[in-house]
Amino acid sequence: STWGYQDLKMEPVHKKKTMIVANWKSWGTITVIKELCMLLLNKLSYDQSKFELVVAQGFLHIPLVRALLADYIEIAAQDVSPLPNGDYSGEISAKLLKEYKTKWVFLGHSDRRRELGETDEIIAQKLEQVMALGLHAMIFIGEKMEEKDENKTEEALDRQLSAIKSKVTNWENVAIVYEPIWSIGSGRQISHDNVPEIMDIIKRWIKTNVSPEAAAKVRLLYGGKINEKNAYPFLDQDEVDGLVLGDRSTDPKFRELFEICSKVQKAAQTRNSFHLLSNSNDHI
């Protein structure tokens with residue numbers, strides 16, 4: 001039979017931009033940050049239509065980083081207040097972050113869950129503020145050591161996703177970051193071969209409990225320990241839309257790591273193009 005345009009499956013496997021997130025945590029001086037922005041990040045070359053670079057600096061450095069970085073590099077806040085603007089001394093509201101052109105906001109990072117006792121309920125309150133201002137949310141989830149050892153990974157992810165489900169107003173503005181919390185400081189590492197299974201659990205949960213459309217829109221990132229030696233296999237998975245980098249994001253080797261990630265993204269595009277070509281040739 002003759003095939004029309006409607007019969008060709010034109011969408012590539014990776015429909016979303018590949019994301020690389022540099023989490024600077026509480027590191028860096030003004031001098032170091034200026035060097036990172038001007039001498040490293042602004043000089044990186046990549047296809048902006050297929051790749052998104054996000055920098056998450058401390059609150060005090062947001063105005064400086066936003067002023068120094070090229071416009072196409074997005075910035076993220078590492079936290080936000082669960083409260084709106086008002087008489088809340090010491091709080092940084094979502095509205096204040098938006099004024100400084102902050103696109104993304106971290107919610108529920110393991111550092112805050114583990115060290116500061118941040119609960120699922122508090123994270124949900126913060127998400128509500130972020131969504132109300134039209135910002136993008138980067139929500140970190142993962143299982144503890146005891147949950148993994150007791151085969152309760154799905155139960156842990158279900159609890160964390162259930163807490164934020166009703167607060168999301170636009171899943172296209174959400175990235176879910178899987179952090180294997182059990183591996184932090186334990187000497188145990190997750191294999192890249194196991195990550196697609198976890199991502200599939202998350203995507204199936206959203207598809208079942210929200211909608212197939214939401215599952216197709218949300219981005220799934222991996223936030224475990226990444227360096228220039230293991231980045232390729234972790235990112236070279238159809239289920240993984242990007243990586244969150246910690247200590248390597250302020251390291252001189254970040255350029256090498258970023259270039260490795262960029263190659264993975266380009267390889268995926270080439271692989272998808274070939275797949276489309278071979279499929280269409282089957283029916284000529």
# chains A, B, ... in the order shown; residues from 1 in each chain; ligands from 1
>>> closest_atom_pairs(of="segment 12-84 of chain A", to="segment 96-118 of chain A", cutoff="10 Å", atoms="only C-alpha atoms", output="Markdown table")
| residue | atom | partner | partner_atom | distance |
| --- | --- | --- | --- | --- |
| A:Asn23 | CA | A:Phe106 | CA | 9.7 |
| A:Lys25 | CA | A:Asp111 | CA | 9.4 |
| A:Val54 | CA | A:Trp104 | CA | 8.1 |
| A:Val55 | CA | A:Trp104 | CA | 9.2 |
| A:Ala56 | CA | A:Phe106 | CA | 8.4 |
| A:Phe59 | CA | A:Leu97 | CA | 8.9 |
| A:Ile62 | CA | A:Tyr100 | CA | 7.2 |
| A:Pro63 | CA | A:Tyr100 | CA | 6.3 |
| A:Leu64 | CA | A:Tyr100 | CA | 9.9 |
| A:Arg66 | CA | A:Tyr100 | CA | 7.4 |
| A:Ala67 | CA | A:Tyr100 | CA | 9.4 |
| A:Glu74 | CA | A:Lys103 | CA | 6.4 |
| A:Ile75 | CA | A:Thr102 | CA | 5.5 |
| A:Ala76 | CA | A:Trp104 | CA | 4.3 |
| A:Ala77 | CA | A:Val105 | CA | 4.7 |
| A:Gln78 | CA | A:Phe106 | CA | 4.7 |
| A:Asp79 | CA | A:Phe106 | CA | 5.3 |
| A:Val80 | CA | A:Val105 | CA | 7.1 |
| A:Pro84 | CA | A:Leu96 | CA | 9.4 |
>>> select_by_dssp(residues="segment 99-228 of chain A", states="strand (DSSP E or B)", output="JSON list (two decimals) with all heavy atoms, in the first residue's frame")
[["chain", "number", "residue", "atom", "x", "y", "z"],
["A", 104, "TRP", "N", 14.48, 27.64, 37.08],
["A", 104, "TRP", "CA", 14.28, 26.39, 37.79],
["A", 104, "TRP", "C", 14.45, 26.56, 39.29],
["A", 104, "TRP", "O", 15.21, 27.42, 39.74],
["A", 104, "TRP", "CB", 15.27, 25.33, 37.30],
["A", 104, "TRP", "CG", 15.02, 24.86, 35.89],
["A", 104, "TRP", "CD1", 15.55, 25.37, 34.74],
["A", 104, "TRP", "CD2", 14.18, 23.77, 35.50],
["A", 104, "TRP", "NE1", 15.09, 24.66, 33.65],
["A", 104, "TRP", "CE2", 14.24, 23.67, 34.09],
["A", 104, "TRP", "CE3", 13.39, 22.87, 36.20],
["A", 104, "TRP", "CZ2", 13.54, 22.70, 33.38],
["A", 104, "TRP", "CZ3", 12.68, 21.91, 35.49],
["A", 104, "TRP", "CH2", 12.77, 21.83, 34.09],
["A", 105, "VAL", "N", 13.78, 25.71, 40.06],
["A", 105, "VAL", "CA", 13.92, 25.69, 41.51],
["A", 105, "VAL", "C", 14.08, 24.25, 41.97],
["A", 105, "VAL", "O", 13.27, 23.38, 41.62],
["A", 105, "VAL", "CB", 12.71, 26.33, 42.22],
["A", 105, "VAL", "CG1", 12.91, 26.29, 43.73],
["A", 105, "VAL", "CG2", 12.50, 27.77, 41.74],
["A", 106, "PHE", "N", 15.12, 23.98, 42.74],
["A", 106, "PHE", "CA", 15.31, 22.66, 43.36],
["A", 106, "PHE", "C", 14.29, 22.47, 44.47],
["A", 106, "PHE", "O", 14.07, 23.37, 45.28],
["A", 106, "PHE", "CB", 16.70, 22.54, 44.00],
["A", 106, "PHE", "CG", 17.84, 22.31, 43.03],
["A", 106, "PHE", "CD1", 17.68, 22.42, 41.67],
["A", 106, "PHE", "CD2", 19.09, 21.98, 43.52],
["A", 106, "PHE", "CE1", 18.73, 22.22, 40.79],
["A", 106, "PHE", "CE2", 20.16, 21.77, 42.67],
["A", 106, "PHE", "CZ", 19.99, 21.89, 41.30],
["A", 107, "LEU", "N", 13.75, 21.26, 44.56],
["A", 107, "LEU", "CA", 12.85, 20.91, 45.65],
["A", 107, "LEU", "C", 13.18, 19.50, 46.14],
["A", 107, "LEU", "O", 13.24, 18.56, 45.35],
["A", 107, "LEU", "CB", 11.38, 20.95, 45.18],
["A", 107, "LEU", "CG", 10.86, 22.31, 44.70],
["A", 107, "LEU", "CD1", 9.50, 22.16, 44.06],
["A", 107, "LEU", "CD2", 10.80, 23.31, 45.85],
["A", 136, "HIS", "N", 9.78, 26.69, 36.96],
["A", 136, "HIS", "CA", 9.96, 25.26, 36.69],
["A", 136, "HIS", "C", 10.51, 24.57, 37.94],
["A", 136, "HIS", "O", 11.40, 25.11, 38.60],
["A", 136, "HIS", "CB", 10.92, 25.04, 35.53],
["A", 136, "HIS", "CG", 10.38, 25.45, 34.19],
["A", 136, "HIS", "ND1", 9.85, 26.70, 33.96],
["A", 136, "HIS", "CD2", 10.29, 24.78, 33.01],
["A", 136, "HIS", "CE1", 9.46, 26.78, 32.69],
["A", 136, "HIS", "NE2", 9.70, 25.62, 32.10],
["A", 137, "ALA", "N", 10.00, 23.39, 38.23],
["A", 137, "ALA", "CA", 10.39, 22.66, 39.44],
["A", 137, "ALA", "C", 11.26, 21.46, 39.11],
["A", 137, "ALA", "O", 10.93, 20.66, 38.23],
["A", 137, "ALA", "CB", 9.15, 22.20, 40.19],
["A", 138, "MET", "N", 12.37, 21.33, 39.82],
["A", 138, "MET", "CA", 13.25, 20.18, 39.72],
["A", 138, "MET", "C", 13.13, 19.42, 41.04],
["A", 138, "MET", "O", 13.67, 19.85, 42.06],
["A", 138, "MET", "CB", 14.69, 20.62, 39.46],
["A", 138, "MET", "CG", 15.55, 19.59, 38.79],
["A", 138, "MET", "SD", 17.17, 20.26, 38.27],
["A", 138, "MET", "CE", 16.68, 21.41, 36.98],
["A", 139, "ILE", "N", 12.37, 18.33, 41.04],
["A", 139, "ILE", "CA", 12.00, 17.63, 42.26],
["A", 139, "ILE", "C", 12.86, 16.38, 42.42],
["A", 139, "ILE", "O", 12.88, 15.49, 41.56],
["A", 139, "ILE", "CB", 10.51, 17.24, 42.22],
["A", 139, "ILE", "CG1", 9.65, 18.49, 41.95],
["A", 139, "ILE", "CG2", 10.10, 16.57, 43.53],
["A", 139, "ILE", "CD1", 8.23, 18.19, 41.56],
["A", 140, "PHE", "N", 13.57, 16.31, 43.55],
["A", 140, "PHE", "CA", 14.48, 15.20, 43.82],
["A", 140, "PHE", "C", 13.79, 14.14, 44.66],
["A", 140, "PHE", "O", 13.20, 14.45, 45.70],
["A", 140, "PHE", "CB", 15.72, 15.72, 44.57],
["A", 140, "PHE", "CG", 16.61, 16.61, 43.74],
["A", 140, "PHE", "CD1", 16.22, 17.92, 43.44],
["A", 140, "PHE", "CD2", 17.83, 16.16, 43.27],
["A", 140, "PHE", "CE1", 17.04, 18.75, 42.67],
["A", 140, "PHE", "CE2", 18.65, 16.98, 42.51],
["A", 140, "PHE", "CZ", 18.25, 18.28, 42.21],
["A", 141, "ILE", "N", 13.88, 12.89, 44.21],
["A", 141, "ILE", "CA", 13.30, 11.77, 44.96],
["A", 141, "ILE", "C", 14.29, 10.61, 44.96],
["A", 141, "ILE", "O", 15.20, 10.56, 44.13],
["A", 141, "ILE", "CB", 11.95, 11.31, 44.37],
["A", 141, "ILE", "CG1", 12.12, 10.78, 42.94],
["A", 141, "ILE", "CG2", 10.93, 12.45, 44.39],
["A", 141, "ILE", "CD1", 10.85, 10.19, 42.36],
["A", 174, "VAL", "N", 8.20, 20.48, 34.81],
["A", 174, "VAL", "CA", 8.70, 19.67, 35.92],
["A", 174, "VAL", "C", 9.78, 18.71, 35.43],
["A", 174, "VAL", "O", 9.66, 18.10, 34.36],
["A", 174, "VAL", "CB", 7.55, 18.87, 36.58],
["A", 174, "VAL", "CG1", 8.10, 17.87, 37.59],
["A", 174, "VAL", "CG2", 6.56, 19.81, 37.25],
["A", 175, "ALA", "N", 10.83, 18.59, 36.23],
["A", 175, "ALA", "CA", 11.83, 17.55, 36.03],
["A", 175, "ALA", "C", 11.91, 16.75, 37.33],
["A", 175, "ALA", "O", 12.00, 17.34, 38.40],
["A", 175, "ALA", "CB", 13.19, 18.13, 35.68],
["A", 176, "ILE", "N", 11.83, 15.43, 37.22],
["A", 176, "ILE", "CA", 11.99, 14.57, 38.38],
["A", 176, "ILE", "C", 13.42, 14.04, 38.37],
["A", 176, "ILE", "O", 13.86, 13.46, 37.37],
["A", 176, "ILE", "CB", 11.01, 13.39, 38.35],
["A", 176, "ILE", "CG1", 9.56, 13.88, 38.30],
["A", 176, "ILE", "CG2", 11.24, 12.47, 39.56],
["A", 176, "ILE", "CD1", 9.08, 14.57, 39.54],
["A", 177, "VAL", "N", 14.14, 14.26, 39.47],
["A", 177, "VAL", "CA", 15.53, 13.82, 39.57],
["A", 177, "VAL", "C", 15.60, 12.62, 40.51],
["A", 177, "VAL", "O", 15.23, 12.73, 41.68],
["A", 177, "VAL", "CB", 16.44, 14.94, 40.10],
["A", 177, "VAL", "CG1", 17.91, 14.47, 40.09],
["A", 177, "VAL", "CG2", 16.28, 16.21, 39.29],
["A", 178, "TYR", "N", 16.07, 11.49, 39.98],
["A", 178, "TYR", "CA", 16.26, 10.32, 40.85],
["A", 178, "TYR", "C", 17.63, 10.35, 41.47],
["A", 178, "TYR", "O", 18.65, 10.38, 40.78],
["A", 178, "TYR", "CB", 16.08, 9.01, 40.06],
["A", 178, "TYR", "CG", 16.50, 7.81, 40.89],
["A", 178, "TYR", "CD1", 15.79, 7.47, 42.04],
["A", 178, "TYR", "CD2", 17.62, 7.05, 40.54],
["A", 178, "TYR", "CE1", 16.19, 6.39, 42.82],
["A", 178, "TYR", "CE2", 18.02, 5.97, 41.32],
["A", 178, "TYR", "CZ", 17.30, 5.65, 42.46],
["A", 178, "TYR", "OH", 17.71, 4.59, 43.24],
["A", 219, "ARG", "N", 10.33, 15.54, 32.48],
["A", 219, "ARG", "CA", 11.70, 15.11, 32.20],
["A", 219, "ARG", "C", 12.25, 14.34, 33.40],
["A", 219, "ARG", "O", 12.03, 14.71, 34.54],
["A", 219, "ARG", "CB", 12.58, 16.32, 31.88],
["A", 219, "ARG", "CG", 12.34, 16.81, 30.45],
["A", 219, "ARG", "CD", 13.41, 17.78, 30.02],
["A", 219, "ARG", "NE", 13.04, 19.14, 30.32],
["A", 219, "ARG", "CZ", 13.70, 20.21, 29.84],
["A", 219, "ARG", "NH1", 14.75, 20.05, 29.08],
["A", 219, "ARG", "NH2", 13.31, 21.43, 30.15],
["A", 220, "LEU", "N", 12.99, 13.28, 33.10],
["A", 220, "LEU", "CA", 13.54, 12.42, 34.14],
["A", 220, "LEU", "C", 15.06, 12.52, 34.11],
["A", 220, "LEU", "O", 15.70, 12.21, 33.09],
["A", 220, "LEU", "CB", 13.11, 10.97, 33.93],
["A", 220, "LEU", "CG", 11.60, 10.73, 33.89],
["A", 220, "LEU", "CD1", 11.30, 9.24, 33.71],
["A", 220, "LEU", "CD2", 10.92, 11.26, 35.15],
["A", 221, "LEU", "N", 15.65, 12.97, 35.23],
["A", 221, "LEU", "CA", 17.09, 13.18, 35.32],
["A", 221, "LEU", "C", 17.69, 12.23, 36.35],
["A", 221, "LEU", "O", 17.01, 11.79, 37.29],
["A", 221, "LEU", "CB", 17.40, 14.62, 35.71],
["A", 221, "LEU", "CG", 16.69, 15.76, 34.97],
["A", 221, "LEU", "CD1", 17.22, 17.10, 35.45],
["A", 221, "LEU", "CD2", 16.85, 15.63, 33.47],
["A", 222, "TYR", "N", 18.97, 11.96, 36.19],
["A", 222, "TYR", "CA", 19.68, 11.14, 37.16],
["A", 222, "TYR", "C", 20.60, 12.04, 37.98],
["A", 222, "TYR", "O", 21.33, 12.86, 37.41],
["A", 222, "TYR", "CB", 20.50, 10.04, 36.48],
["A", 222, "TYR", "CG", 21.33, 9.24, 37.46],
["A", 222, "TYR", "CD1", 20.72, 8.41, 38.39],
["A", 222, "TYR", "CD2", 22.72, 9.35, 37.48],
["A", 222, "TYR", "CE1", 21.47, 7.71, 39.32],
["A", 222, "TYR", "CE2", 23.48, 8.65, 38.39],
["A", 222, "TYR", "CZ", 22.85, 7.83, 39.31],
["A", 222, "TYR", "OH", 23.58, 7.14, 40.24]]
>>> closest_residue(among="A:Pro212, A:Ile226, A:Asn85, A:Glu239", to="Ile20 of chain A", atoms="only C-alpha atoms")
A:Ile226
>>> closest_residue(among="A:Leu135, A:Thr250, A:Ala94, A:Leu39", to="Glu172 of chain A", atoms="only C-alpha atoms")
A:Leu135
>>> select_by_dssp(residues="segment 93-171 of chain A", states="alpha helix (DSSP H)", output="JSON, numbers by chain")
{"A": [94, 95, 96, 97, 98, 99, 110, 111, 112, 113, 114, 115, 120, 121, 122, 123, 124, 125, 126, 127, 128, 129, 130, 131, 132, 145, 146, 147, 148, 149, 153, 154, 155, 156, 157, 158, 159, 160, 161, 162, 163, 164, 165]}
>>> write_last_selection(atoms="N, CA and C atoms", output="compact mmCIF listing (two decimals), in the first residue's frame")
# COMPACT_ATOMS: atom_id res chain seq x y z
N ALA A 94 9.27 32.52 46.04
CA ALA A 94 9.30 32.24 44.61
C ALA A 94 9.20 33.53 43.79
N LYS A 95 8.46 34.49 44.32
CA LYS A 95 8.31 35.77 43.61
C LYS A 95 9.66 36.50 43.53
N LEU A 96 10.43 36.46 44.61
CA LEU A 96 11.76 37.09 44.60
C LEU A 96 12.68 36.40 43.59
N LEU A 97 12.60 35.09 43.52
CA LEU A 97 13.43 34.34 42.57
C LEU A 97 13.06 34.69 41.13
N LYS A 98 11.78 34.82 40.89
CA LYS A 98 11.32 35.14 39.53
C LYS A 98 11.82 36.51 39.08
N GLU A 99 11.91 37.45 40.00
CA GLU A 99 12.39 38.79 39.65
C GLU A 99 13.82 38.76 39.13
N SER A 110 18.43 15.69 48.34
CA SER A 110 18.77 14.79 49.45
C SER A 110 19.56 15.50 50.55
N ASP A 111 20.35 16.52 50.19
CA ASP A 111 21.07 17.29 51.20
C ASP A 111 20.09 17.88 52.22
N ARG A 112 18.98 18.40 51.72
CA ARG A 112 18.01 19.05 52.59
C ARG A 112 17.13 18.03 53.30
N ARG A 113 16.78 16.96 52.62
CA ARG A 113 15.99 15.91 53.28
C ARG A 113 16.80 15.29 54.43
N ARG A 114 18.08 15.02 54.15
CA ARG A 114 18.92 14.29 55.09
C ARG A 114 19.44 15.17 56.23
N GLU A 115 19.97 16.35 55.88
CA GLU A 115 20.63 17.20 56.88
C GLU A 115 19.69 18.17 57.58
N ASP A 120 8.19 15.52 52.98
CA ASP A 120 7.40 15.53 51.75
C ASP A 120 6.36 16.63 51.78
N GLU A 121 5.80 16.88 52.96
CA GLU A 121 4.76 17.91 53.11
C GLU A 121 5.32 19.31 52.85
N ILE A 122 6.51 19.59 53.38
CA ILE A 122 7.14 20.89 53.15
C ILE A 122 7.48 21.06 51.68
N ILE A 123 7.97 20.01 51.06
CA ILE A 123 8.32 20.06 49.64
C ILE A 123 7.07 20.35 48.80
N ALA A 124 5.96 19.76 49.17
CA ALA A 124 4.71 20.02 48.45
C ALA A 124 4.29 21.47 48.58
N GLN A 125 4.47 22.06 49.77
CA GLN A 125 4.13 23.47 49.98
C GLN A 125 5.01 24.38 49.11
N LYS A 126 6.29 24.03 49.03
CA LYS A 126 7.21 24.81 48.21
C LYS A 126 6.85 24.70 46.73
N LEU A 127 6.48 23.48 46.31
CA LEU A 127 6.09 23.26 44.91
C LEU A 127 4.87 24.11 44.54
N GLU A 128 3.94 24.22 45.45
CA GLU A 128 2.75 25.03 45.20
C GLU A 128 3.13 26.48 44.92
N GLN A 129 4.09 27.02 45.66
CA GLN A 129 4.56 28.38 45.44
C GLN A 129 5.25 28.52 44.08
N VAL A 130 6.07 27.53 43.74
CA VAL A 130 6.79 27.55 42.46
C VAL A 130 5.83 27.51 41.28
N MET A 131 4.85 26.62 41.34
CA MET A 131 3.87 26.50 40.25
C MET A 131 3.03 27.76 40.10
N ALA A 132 2.68 28.37 41.23
CA ALA A 132 1.83 29.57 41.21
C ALA A 132 2.50 30.72 40.48
N MET A 145 18.85 3.77 52.41
CA MET A 145 19.50 2.47 52.46
C MET A 145 18.54 1.38 52.94
N GLU A 146 17.82 1.64 54.04
CA GLU A 146 16.93 0.62 54.59
C GLU A 146 15.78 0.30 53.63
N GLU A 147 15.32 1.31 52.89
CA GLU A 147 14.25 1.09 51.92
C GLU A 147 14.73 0.23 50.76
N LYS A 148 15.94 0.45 50.32
CA LYS A 148 16.49 -0.36 49.25
C LYS A 148 16.69 -1.80 49.71
N ASP A 149 17.29 -1.96 50.89
CA ASP A 149 17.60 -3.30 51.38
C ASP A 149 16.35 -4.11 51.69
N THR A 153 11.83 0.21 47.31
CA THR A 153 12.13 1.34 46.43
C THR A 153 10.86 1.93 45.83
N GLU A 154 9.99 1.07 45.28
CA GLU A 154 8.76 1.56 44.67
C GLU A 154 7.86 2.24 45.70
N GLU A 155 7.83 1.69 46.90
CA GLU A 155 7.02 2.28 47.97
C GLU A 155 7.53 3.67 48.32
N ALA A 156 8.86 3.84 48.38
CA ALA A 156 9.45 5.14 48.70
C ALA A 156 9.15 6.17 47.61
N LEU A 157 9.30 5.76 46.35
CA LEU A 157 9.03 6.66 45.24
C LEU A 157 7.55 7.02 45.17
N ASP A 158 6.69 6.04 45.45
CA ASP A 158 5.24 6.28 45.46
C ASP A 158 4.88 7.33 46.52
N ARG A 159 5.48 7.22 47.70
CA ARG A 159 5.19 8.18 48.78
C ARG A 159 5.59 9.60 48.38
N GLN A 160 6.77 9.73 47.78
CA GLN A 160 7.28 11.05 47.43
C GLN A 160 6.52 11.66 46.25
N LEU A 161 6.16 10.84 45.28
CA LEU A 161 5.40 11.34 44.14
C LEU A 161 3.96 11.68 44.53
N SER A 162 3.39 10.87 45.41
CA SER A 162 2.01 11.14 45.86
C SER A 162 1.91 12.48 46.56
N ALA A 163 2.99 12.86 47.28
CA ALA A 163 2.98 14.11 48.04
C ALA A 163 2.94 15.34 47.14
N ILE A 164 3.50 15.24 45.94
CA ILE A 164 3.59 16.43 45.08
C ILE A 164 2.58 16.42 43.93
N LYS A 165 1.94 15.30 43.71
CA LYS A 165 1.05 15.13 42.55
C LYS A 165 0.03 16.25 42.39
>>> atom_distance(atom1="atom CA of Ser93 of chain A", atom2="atom CA of Phe51 of chain A")
28.5 Å
>>> closest_residue(among="A:Gly28, A:Pro196, A:Gly223, A:Pro180", to="Gly58 of chain A", atoms="only C-alpha atoms")
A:Gly28
>>> residues_around(residues="Cys37 of chain A", least_positions_apart="3", cutoff="8 Å", atoms="only C-alpha atoms", output="list of chain:residue names")
A:Ile33, A:Lys34, A:Leu40, A:Leu41, A:Asn42, A:Val65, A:Leu68, A:Leu69
